[in-house]
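> The structure under discussion is supplied below as structure tokens; questions concerning it will follow.
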Amino acid sequence: GELYGRVANGVRDGVVADPTLAQLQLNTLQLGDLPRARSSDLAVAVGSAACERVLSERRRPPLLCALIPKAGFERLAGESPPADVSAIFLDQPLSRQLQLARALLPAATRAGVLAGPDLRPMMGAVRRDGRDAGFALDVEIADDERMAARSIQRLVARNDLILPVYDPAVLTPSTAKWLLHLAYRDQRPVIGFSRAYVDAGAAAAVFSTPEQIGRQAGRAVSTFFRGAVRRLPAPSHAQAFEIRVNRRVAASLGLDPASDDSLERQVNSRLEASR
């Protein structure tokens, strides 16, 4: 698909930028070409299906997965994966959405969080991120789409803004549409995790582009081959991200946000201060 191609191009750009790797041979393979990957020194698997397929091989090279959700990667590789398996996650840490919400809504006190069951084990960190951003969090964990619809009604009624957390089994297109409809009706800003959310009516979103994820993967490849001992970095969220504001929706909510670039600097600064 187009997204996978954009990540692959980013990987190539990241590697080509390193002159010490001029002799490195990069091969782009499809899932059906997997036997050819077994003889590679390193595999970069783009997307969940590719990551799962390479992991299932008894004989496989060290593996870097990209464009895979954190929860999905941990289901495949475990919470403590082998040292030769790593990932750059597709989804955003909730801390970024919370700090963007704080930058947009300095007077807000209550933030509603809609999530799937994967968030349950992380509630301690979620509460800490909420405190760091100055919010009392109201978290609703839905196991399916039907539960999510009821959770949305409660969250919109009780909070100053809503933050959906990536989970495609719970936040389906119809659930997202219902969330944006109710939130807009009741004048509650939604802070999303993708450009699509902003286009659909969220006040703002923070997300990492396929190119940003690809370039980070490319840097990881460079580091892997340059090192005296070949090591992959620990699994992590994408370091770089972008912010987009839906100016029309923001104006209708009475907001007058700074530029996207300025908000990005503010969020980065707030995240640094809370570390």
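Naming scheme: A, B, ... for chains in displayed order of the structure tokens; residues 1 onward per chain; ligands 1 onward as shown.
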Pick out each residue of stretch 31-239 of chain A that DSSP on the backbone tags as helix (DSSP H, G or I); I need them as a ChimeraX atom specification.

/A:31-37,48-55,70-77,94-104,117-132,145-158,173-185,195-200,210-226

> Just the residues within 9 Å of stretch 71-81 of chain A, please, counting only C-alpha atoms, with nothing from its chain fewer than 4 positions along; format it as a ChimeraX atom specification.

/A:48,51-52,55,65,85-87,89,118-119,167,235

> Output all heavy atoms of each residue in that selection to a file, as an mmCIF file, in the first residue's frame.


```cif
data_model
loop_
_atom_site.group_PDB
_atom_site.id
_atom_site.type_symbol
_atom_site.label_atom_id
_atom_site.label_comp_id
_atom_site.auth_asym_id
_atom_site.auth_seq_id
_atom_site.Cartn_x
_atom_site.Cartn_y
_atom_site.Cartn_z
ATOM 1 N N SER A 48 1.958 -4.645 10.584
ATOM 2 C CA SER A 48 1.772 -5.760 11.526
ATOM 3 C C SER A 48 1.899 -7.113 10.855
ATOM 4 O O SER A 48 2.499 -8.046 11.408
ATOM 5 C CB SER A 48 0.396 -5.641 12.194
ATOM 6 O OG SER A 48 0.280 -4.424 12.909
ATOM 7 N N CYS A 51 5.524 -7.977 10.172
ATOM 8 C CA CYS A 51 6.219 -8.235 11.434
ATOM 9 C C CYS A 51 5.877 -9.640 11.944
ATOM 10 O O CYS A 51 6.764 -10.420 12.320
ATOM 11 C CB CYS A 51 5.840 -7.176 12.462
ATOM 12 S SG CYS A 51 6.708 -7.334 14.040
ATOM 13 N N GLU A 52 4.595 -9.971 11.934
ATOM 14 C CA GLU A 52 4.166 -11.289 12.408
ATOM 15 C C GLU A 52 4.761 -12.398 11.549
ATOM 16 O O GLU A 52 5.201 -13.429 12.063
ATOM 17 C CB GLU A 52 2.637 -11.367 12.402
ATOM 18 C CG GLU A 52 2.092 -12.690 12.910
ATOM 19 C CD GLU A 52 0.587 -12.695 13.049
ATOM 20 O OE1 GLU A 52 -0.073 -11.769 12.518
ATOM 21 O OE2 GLU A 52 0.064 -13.641 13.689
ATOM 22 N N LEU A 55 8.500 -12.823 12.323
ATOM 23 C CA LEU A 55 8.668 -13.391 13.664
ATOM 24 C C LEU A 55 8.339 -14.874 13.700
ATOM 25 O O LEU A 55 8.888 -15.621 14.522
ATOM 26 C CB LEU A 55 7.781 -12.645 14.665
ATOM 27 C CG LEU A 55 8.367 -11.397 15.314
ATOM 28 C CD1 LEU A 55 7.314 -10.701 16.151
ATOM 29 C CD2 LEU A 55 9.570 -11.758 16.181
ATOM 30 N N CYS A 65 10.589 -3.878 13.367
ATOM 31 C CA CYS A 65 9.236 -3.676 12.855
ATOM 32 C C CYS A 65 8.919 -2.183 12.866
ATOM 33 O O CYS A 65 9.313 -1.465 13.783
ATOM 34 C CB CYS A 65 8.213 -4.418 13.718
ATOM 35 S SG CYS A 65 8.442 -6.209 13.748
ATOM 36 N N VAL A 85 14.973 -8.153 18.346
ATOM 37 C CA VAL A 85 13.669 -7.755 17.809
ATOM 38 C C VAL A 85 13.299 -6.398 18.398
ATOM 39 O O VAL A 85 13.338 -6.212 19.621
ATOM 40 C CB VAL A 85 12.571 -8.788 18.150
ATOM 41 C CG1 VAL A 85 11.214 -8.312 17.643
ATOM 42 C CG2 VAL A 85 12.902 -10.144 17.549
ATOM 43 N N SER A 86 12.953 -5.451 17.536
ATOM 44 C CA SER A 86 12.579 -4.133 18.013
ATOM 45 C C SER A 86 11.470 -3.561 17.131
ATOM 46 O O SER A 86 11.031 -4.204 16.176
ATOM 47 C CB SER A 86 13.782 -3.187 18.037
ATOM 48 O OG SER A 86 13.446 -1.976 18.701
ATOM 49 N N ALA A 87 11.019 -2.347 17.466
ATOM 50 C CA ALA A 87 9.915 -1.749 16.716
ATOM 51 C C ALA A 87 9.893 -0.244 16.885
ATOM 52 O O ALA A 87 10.377 0.300 17.890
ATOM 53 C CB ALA A 87 8.572 -2.327 17.181
ATOM 54 N N PHE A 89 6.750 2.316 16.842
ATOM 55 C CA PHE A 89 5.300 2.160 16.897
ATOM 56 C C PHE A 89 4.568 3.158 16.008
ATOM 57 O O PHE A 89 5.032 4.289 15.783
ATOM 58 C CB PHE A 89 4.802 2.303 18.338
ATOM 59 C CG PHE A 89 5.463 1.355 19.303
ATOM 60 C CD1 PHE A 89 5.948 1.815 20.522
ATOM 61 C CD2 PHE A 89 5.609 0.012 18.994
ATOM 62 C CE1 PHE A 89 6.556 0.953 21.416
ATOM 63 C CE2 PHE A 89 6.223 -0.861 19.881
ATOM 64 C CZ PHE A 89 6.706 -0.390 21.099
ATOM 65 N N ASP A 118 -6.430 -2.646 25.859
ATOM 66 C CA ASP A 118 -4.962 -2.623 25.922
ATOM 67 C C ASP A 118 -4.435 -1.564 26.877
ATOM 68 O O ASP A 118 -3.270 -1.637 27.302
ATOM 69 C CB ASP A 118 -4.376 -2.379 24.525
ATOM 70 C CG ASP A 118 -4.567 -3.566 23.598
ATOM 71 O OD1 ASP A 118 -4.593 -4.702 24.091
ATOM 72 O OD2 ASP A 118 -4.701 -3.358 22.374
ATOM 73 N N LEU A 119 -5.271 -0.582 27.229
ATOM 74 C CA LEU A 119 -4.804 0.487 28.113
ATOM 75 C C LEU A 119 -4.798 0.052 29.580
ATOM 76 O O LEU A 119 -4.103 0.665 30.397
ATOM 77 C CB LEU A 119 -5.682 1.735 27.953
ATOM 78 C CG LEU A 119 -5.090 3.038 28.498
ATOM 79 C CD1 LEU A 119 -3.930 3.502 27.629
ATOM 80 C CD2 LEU A 119 -6.150 4.140 28.571
ATOM 81 N N ASP A 167 -7.174 2.287 18.980
ATOM 82 C CA ASP A 167 -7.554 0.876 19.102
ATOM 83 C C ASP A 167 -8.594 0.614 18.019
ATOM 84 O O ASP A 167 -9.777 0.907 18.213
ATOM 85 C CB ASP A 167 -8.121 0.553 20.483
ATOM 86 C CG ASP A 167 -8.331 -0.954 20.677
ATOM 87 O OD1 ASP A 167 -8.723 -1.629 19.703
ATOM 88 O OD2 ASP A 167 -8.103 -1.457 21.793
ATOM 89 N N PRO A 235 12.419 -0.987 21.594
ATOM 90 C CA PRO A 235 11.154 -0.580 20.961
ATOM 91 C C PRO A 235 10.702 0.781 21.493
ATOM 92 O O PRO A 235 10.852 1.071 22.688
ATOM 93 C CB PRO A 235 10.174 -1.696 21.381
ATOM 94 C CG PRO A 235 11.044 -2.873 21.691
ATOM 95 C CD PRO A 235 12.309 -2.308 22.257
#
```

> List as a ChimeraX atom specification the protein and nucleic acid residues near stretch 136-150 of chain A, meaning an atom at most 12 Å away when only C-alpha atoms are counted, but skip any in the same chain fewer than 3 places from it.

/A:94,98,102,108-133,153-182

> Go ahead and compute the interatomic distance for atom CA of A:Ser236 and atom CA of A:Arg6, in Å to one decimal.

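Spanning atom CA of A:Ser236 to atom CA of A:Arg6 is a straight-line distance of 19.5 Å.
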
> Any idea what's packed within 8 Å of A:Leu90, counting only C-alpha atoms, ignoring anything in its chain fewer than 2 positions away? Could you give it as a ChimeraX atom specification?

/A:66-70,88,92,208,213,237-238

> Which residues are close to A:Glu211, i.e. within 9 Å by only C-alpha atoms, leaving aside same-chain residues fewer than 3 positions away? Reply as a tab-separated table (two decimals) with N, CA, C and O atoms, in the first residue's frame.


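Result file follows (result_28.tsv):
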```tsv
chain	number	residue	atom	x	y	z
A	3	LEU	N	1.00	3.73	2.19
A	3	LEU	CA	1.65	4.02	3.47
A	3	LEU	C	2.93	3.22	3.62
A	3	LEU	O	3.96	3.76	4.04
A	6	ARG	N	5.69	4.64	1.56
A	6	ARG	CA	6.25	5.88	2.12
A	6	ARG	C	7.21	5.58	3.27
A	6	ARG	O	8.24	6.25	3.43
A	7	VAL	N	6.88	4.57	4.10
A	7	VAL	CA	7.81	4.17	5.16
A	7	VAL	C	9.09	3.61	4.55
A	7	VAL	O	10.20	3.98	4.96
A	8	ALA	N	8.94	2.73	3.55
A	8	ALA	CA	10.11	2.13	2.91
A	8	ALA	C	11.01	3.19	2.30
A	8	ALA	O	12.25	3.12	2.40
A	9	ASN	N	10.42	4.21	1.68
A	9	ASN	CA	11.21	5.31	1.12
A	9	ASN	C	11.95	6.07	2.21
A	9	ASN	O	13.10	6.48	2.03
A	10	GLY	N	11.28	6.25	3.36
A	10	GLY	CA	11.92	6.92	4.49
A	10	GLY	C	13.11	6.13	5.02
A	10	GLY	O	14.15	6.70	5.36
A	11	VAL	N	12.96	4.80	5.09
A	11	VAL	CA	14.07	3.95	5.52
A	11	VAL	C	15.25	4.13	4.57
A	11	VAL	O	16.40	4.33	4.99
A	208	SER	N	2.60	10.84	13.88
A	208	SER	CA	3.88	10.70	13.19
A	208	SER	C	3.60	10.25	11.76
A	208	SER	O	2.79	9.35	11.54
A	214	GLY	N	9.77	6.07	8.89
A	214	GLY	CA	10.75	5.44	8.01
A	214	GLY	C	12.14	5.98	8.23
A	214	GLY	O	13.12	5.20	8.29
A	215	ARG	N	12.27	7.31	8.37
A	215	ARG	CA	13.61	7.89	8.57
A	215	ARG	C	14.21	7.42	9.90
A	215	ARG	O	15.41	7.17	9.98
A	216	GLN	N	13.35	7.30	10.94
A	216	GLN	CA	13.87	6.80	12.22
A	216	GLN	C	14.33	5.36	12.08
A	216	GLN	O	15.37	4.96	12.63
```

> Determine which residues of stretch 22-231 of chain A receive a DSSP assignment of strand (DSSP E), computed from the backbone, and state them as number ranges by chain.

A: 43-46, 63-68, 85-89, 110-115, 136-141, 161-164, 191-192, 204-207

> Atoms to include: N, CA and C atoms. Write the selected residues as an mmCIF file, in the first residue's frame.


```cif
data_model
loop_
_atom_site.group_PDB
_atom_site.id
_atom_site.type_symbol
_atom_site.label_atom_id
_atom_site.label_comp_id
_atom_site.auth_asym_id
_atom_site.auth_seq_id
_atom_site.Cartn_x
_atom_site.Cartn_y
_atom_site.Cartn_z
ATOM 1 N N ALA A 43 16.302 -7.467 8.922
ATOM 2 C CA ALA A 43 15.023 -7.284 8.228
ATOM 3 C C ALA A 43 14.275 -6.116 8.855
ATOM 4 N N VAL A 44 13.709 -5.248 8.012
ATOM 5 C CA VAL A 44 12.801 -4.193 8.462
ATOM 6 C C VAL A 44 11.421 -4.567 7.928
ATOM 7 N N ALA A 45 10.514 -4.886 8.832
ATOM 8 C CA ALA A 45 9.164 -5.311 8.458
ATOM 9 C C ALA A 45 8.211 -4.142 8.646
ATOM 10 N N VAL A 46 7.554 -3.739 7.572
ATOM 11 C CA VAL A 46 6.656 -2.586 7.624
ATOM 12 C C VAL A 46 5.218 -3.087 7.739
ATOM 13 N N LEU A 63 15.338 -8.305 13.594
ATOM 14 C CA LEU A 63 14.108 -7.738 13.024
ATOM 15 C C LEU A 63 13.759 -6.401 13.646
ATOM 16 N N LEU A 64 13.540 -5.410 12.782
ATOM 17 C CA LEU A 64 13.006 -4.115 13.202
ATOM 18 C C LEU A 64 11.636 -3.952 12.549
ATOM 19 N N CYS A 65 10.589 -3.878 13.367
ATOM 20 C CA CYS A 65 9.236 -3.676 12.855
ATOM 21 C C CYS A 65 8.919 -2.183 12.866
ATOM 22 N N ALA A 66 8.192 -1.737 11.856
ATOM 23 C CA ALA A 66 7.801 -0.326 11.774
ATOM 24 C C ALA A 66 6.338 -0.247 11.369
ATOM 25 N N LEU A 67 5.685 0.847 11.768
ATOM 26 C CA LEU A 67 4.271 1.075 11.441
ATOM 27 C C LEU A 67 3.398 -0.028 12.049
ATOM 28 N N ILE A 68 3.679 -0.348 13.314
ATOM 29 C CA ILE A 68 2.913 -1.362 14.033
ATOM 30 C C ILE A 68 2.469 -0.764 15.368
ATOM 31 N N VAL A 85 14.973 -8.153 18.346
ATOM 32 C CA VAL A 85 13.669 -7.755 17.809
ATOM 33 C C VAL A 85 13.299 -6.398 18.398
ATOM 34 N N SER A 86 12.953 -5.451 17.536
ATOM 35 C CA SER A 86 12.579 -4.133 18.013
ATOM 36 C C SER A 86 11.470 -3.561 17.131
ATOM 37 N N ALA A 87 11.019 -2.347 17.466
ATOM 38 C CA ALA A 87 9.915 -1.749 16.716
ATOM 39 C C ALA A 87 9.893 -0.244 16.885
ATOM 40 N N ILE A 88 9.329 0.420 15.887
ATOM 41 C CA ILE A 88 8.960 1.838 15.972
ATOM 42 C C ILE A 88 7.444 1.866 15.807
ATOM 43 N N PHE A 89 6.750 2.316 16.842
ATOM 44 C CA PHE A 89 5.300 2.160 16.897
ATOM 45 C C PHE A 89 4.568 3.158 16.008
ATOM 46 N N ARG A 110 -10.689 18.818 33.257
ATOM 47 C CA ARG A 110 -11.071 17.404 33.150
ATOM 48 C C ARG A 110 -10.948 16.922 31.708
ATOM 49 N N ALA A 111 -10.217 15.830 31.542
ATOM 50 C CA ALA A 111 -10.026 15.246 30.212
ATOM 51 C C ALA A 111 -10.595 13.841 30.197
ATOM 52 N N GLY A 112 -11.498 13.571 29.265
ATOM 53 C CA GLY A 112 -12.049 12.238 29.106
ATOM 54 C C GLY A 112 -11.207 11.431 28.136
ATOM 55 N N VAL A 113 -10.899 10.200 28.502
ATOM 56 C CA VAL A 113 -10.068 9.322 27.677
ATOM 57 C C VAL A 113 -10.890 8.095 27.292
ATOM 58 N N LEU A 114 -11.020 7.852 25.999
ATOM 59 C CA LEU A 114 -11.727 6.675 25.501
ATOM 60 C C LEU A 114 -10.692 5.701 24.941
ATOM 61 N N ALA A 115 -10.665 4.487 25.491
ATOM 62 C CA ALA A 115 -9.630 3.530 25.101
ATOM 63 C C ALA A 115 -10.192 2.118 25.058
ATOM 64 N N ALA A 136 -7.323 16.176 35.529
ATOM 65 C CA ALA A 136 -7.966 15.044 36.180
ATOM 66 C C ALA A 136 -8.535 14.187 35.063
ATOM 67 N N LEU A 137 -8.105 12.927 34.980
ATOM 68 C CA LEU A 137 -8.504 12.066 33.879
ATOM 69 C C LEU A 137 -9.748 11.251 34.238
ATOM 70 N N ASP A 138 -10.640 11.177 33.292
ATOM 71 C CA ASP A 138 -11.848 10.349 33.382
ATOM 72 C C ASP A 138 -11.713 9.302 32.274
ATOM 73 N N VAL A 139 -11.285 8.089 32.643
ATOM 74 C CA VAL A 139 -10.948 7.064 31.659
ATOM 75 C C VAL A 139 -12.088 6.057 31.522
ATOM 76 N N GLU A 140 -12.533 5.857 30.308
ATOM 77 C CA GLU A 140 -13.525 4.826 29.997
ATOM 78 C C GLU A 140 -12.855 3.796 29.089
ATOM 79 N N ILE A 141 -12.808 2.541 29.555
ATOM 80 C CA ILE A 141 -12.231 1.465 28.754
ATOM 81 C C ILE A 141 -13.372 0.620 28.200
ATOM 82 N N LEU A 161 -12.913 18.043 27.480
ATOM 83 C CA LEU A 161 -12.396 17.628 26.179
ATOM 84 C C LEU A 161 -12.274 16.116 26.177
ATOM 85 N N ILE A 162 -12.130 15.541 24.977
ATOM 86 C CA ILE A 162 -12.062 14.089 24.838
ATOM 87 C C ILE A 162 -10.796 13.704 24.065
ATOM 88 N N LEU A 163 -10.135 12.657 24.554
ATOM 89 C CA LEU A 163 -8.959 12.111 23.880
ATOM 90 C C LEU A 163 -9.210 10.636 23.562
ATOM 91 N N PRO A 164 -9.426 10.294 22.300
ATOM 92 C CA PRO A 164 -9.509 8.888 21.921
ATOM 93 C C PRO A 164 -8.110 8.285 21.819
ATOM 94 N N ILE A 191 -9.183 15.724 20.775
ATOM 95 C CA ILE A 191 -7.759 15.766 20.424
ATOM 96 C C ILE A 191 -7.383 14.372 19.949
ATOM 97 N N GLY A 192 -7.183 14.217 18.635
ATOM 98 C CA GLY A 192 -6.997 12.905 18.041
ATOM 99 C C GLY A 192 -5.549 12.496 17.882
ATOM 100 N N ALA A 204 -7.921 19.045 16.935
ATOM 101 C CA ALA A 204 -6.492 18.945 16.639
ATOM 102 C C ALA A 204 -6.063 17.497 16.789
ATOM 103 N N ALA A 205 -4.860 17.196 16.328
ATOM 104 C CA ALA A 205 -4.305 15.854 16.483
ATOM 105 C C ALA A 205 -2.794 15.921 16.454
ATOM 106 N N VAL A 206 -2.183 14.918 17.067
ATOM 107 C CA VAL A 206 -0.732 14.724 17.005
ATOM 108 C C VAL A 206 -0.496 13.356 16.391
ATOM 109 N N PHE A 207 0.457 13.278 15.477
ATOM 110 C CA PHE A 207 0.692 12.019 14.766
ATOM 111 C C PHE A 207 2.101 12.030 14.175
#
```

> Please, what distance in Å, to one decimal, runs between atom CA of A:Ser95 and atom CA of A:Leu271?

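So the answer is 7.6 Å.
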
> What's the 12 Å shell around A:Arg247, counting only C-alpha atoms, without same-chain residues fewer than 2 positions away, as a list in words?

Leu104, Pro189, Val198, Asp199, Gly201, Ala202, Ala203, Ala204, Ala205, Arg244, Val245, Val249, Ala250, Ala251, Ser252, Leu253, Gly254, Leu255, Asp256, Pro257, Ala258, Ser259 and Asp260 of chain A

> Provide the atom CA of A:Glu264 to atom CA of A:Leu100 distance in Å, to one decimal place.

8.0 Å

> Would you mind telling me which residue in A:Leu21, A:Ile243, A:Val15, A:Ala107 lies nearest to A:Arg226 when using only C-alpha atoms?

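Ranking A:Leu21, A:Ile243, A:Val15, A:Ala107 by distance to A:Arg226, first place goes to A:Leu21.
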
> Let me make sure I understand: among A:Asn268, A:Tyr184, A:Pro61, A:Arg275, which one has the smallest atom-to-atom distance to A:Gln99 if we use only C-alpha atoms?

A:Asn268

> Identify, on the basis of only C-alpha atoms, every residue whose closest approach to A:Thr223 does not exceed 12 Å; exclude the query and any residue fewer than 2 positions from it along the same chain; express the result as a PyMOL selection string.

chain A and resi 14-15+18+20-21+42+216-221+225-233

> Save out the residues we just selected, N, CA, C and O atoms, as a short mmCIF file (atom, residue, chain, number, x, y, z; two decimals), in the first residue's frame.


```cif
data_model
loop_
_atom_site.label_atom_id
_atom_site.label_comp_id
_atom_site.auth_asym_id
_atom_site.auth_seq_id
_atom_site.Cartn_x
_atom_site.Cartn_y
_atom_site.Cartn_z
N GLY A 14 16.95 7.41 5.08
CA GLY A 14 17.74 7.44 6.30
C GLY A 14 19.06 6.71 6.15
O GLY A 14 20.09 7.13 6.68
N VAL A 15 19.06 5.61 5.40
CA VAL A 15 20.29 4.84 5.19
C VAL A 15 21.21 5.54 4.19
O VAL A 15 22.42 5.64 4.42
N ASP A 18 23.69 8.16 5.25
CA ASP A 18 24.89 7.75 5.99
C ASP A 18 25.97 7.30 4.99
O ASP A 18 25.89 6.20 4.44
N THR A 20 28.86 6.17 5.35
CA THR A 20 29.65 5.00 5.74
C THR A 20 28.98 3.69 5.30
O THR A 20 29.59 2.63 5.38
N LEU A 21 27.72 3.78 4.86
CA LEU A 21 26.99 2.57 4.45
C LEU A 21 26.79 2.50 2.94
O LEU A 21 25.84 1.90 2.46
N LEU A 42 19.74 -8.07 8.38
CA LEU A 42 18.72 -7.37 9.15
C LEU A 42 17.47 -7.27 8.30
O LEU A 42 17.56 -7.02 7.09
N GLN A 216 13.35 7.30 10.94
CA GLN A 216 13.87 6.80 12.22
C GLN A 216 14.33 5.36 12.08
O GLN A 216 15.37 4.96 12.63
N ALA A 217 13.56 4.56 11.33
CA ALA A 217 13.99 3.18 11.07
C ALA A 217 15.31 3.16 10.31
O ALA A 217 16.20 2.34 10.59
N GLY A 218 15.46 4.08 9.35
CA GLY A 218 16.70 4.16 8.59
C GLY A 218 17.89 4.49 9.49
O GLY A 218 18.98 3.91 9.33
N ARG A 219 17.69 5.40 10.44
CA ARG A 219 18.77 5.73 11.38
C ARG A 219 19.12 4.52 12.25
O ARG A 219 20.29 4.28 12.57
N ALA A 220 18.08 3.75 12.64
CA ALA A 220 18.33 2.54 13.44
C ALA A 220 19.14 1.52 12.64
O ALA A 220 20.03 0.85 13.19
N VAL A 221 18.83 1.41 11.35
CA VAL A 221 19.59 0.51 10.47
C VAL A 221 21.05 0.97 10.40
O VAL A 221 21.98 0.16 10.51
N PHE A 225 24.44 -1.25 11.71
CA PHE A 225 25.56 -1.71 10.89
C PHE A 225 26.87 -0.99 11.21
O PHE A 225 27.95 -1.51 10.90
N ARG A 226 26.79 0.19 11.82
CA ARG A 226 28.02 0.92 12.16
C ARG A 226 28.67 0.41 13.43
O ARG A 226 29.86 0.58 13.64
N GLY A 227 27.86 -0.17 14.33
CA GLY A 227 28.37 -0.53 15.64
C GLY A 227 29.36 -1.69 15.60
O GLY A 227 29.27 -2.57 14.75
N ALA A 228 30.29 -1.66 16.56
CA ALA A 228 31.23 -2.79 16.68
C ALA A 228 30.46 -4.05 17.03
O ALA A 228 30.79 -5.15 16.59
N VAL A 229 29.42 -3.90 17.87
CA VAL A 229 28.48 -4.97 18.16
C VAL A 229 27.14 -4.53 17.58
O VAL A 229 26.65 -3.44 17.88
N ARG A 230 26.56 -5.37 16.75
CA ARG A 230 25.32 -4.98 16.09
C ARG A 230 24.13 -5.09 17.05
O ARG A 230 23.79 -6.20 17.51
N ARG A 231 23.54 -3.96 17.36
CA ARG A 231 22.41 -3.93 18.29
C ARG A 231 21.29 -3.08 17.73
O ARG A 231 21.54 -2.05 17.09
N LEU A 232 20.06 -3.49 18.01
CA LEU A 232 18.90 -2.67 17.67
C LEU A 232 18.52 -1.82 18.88
O LEU A 232 18.74 -2.22 20.02
N PRO A 233 17.95 -0.63 18.64
CA PRO A 233 17.47 0.17 19.76
C PRO A 233 16.27 -0.50 20.42
O PRO A 233 15.64 -1.40 19.83
#
```
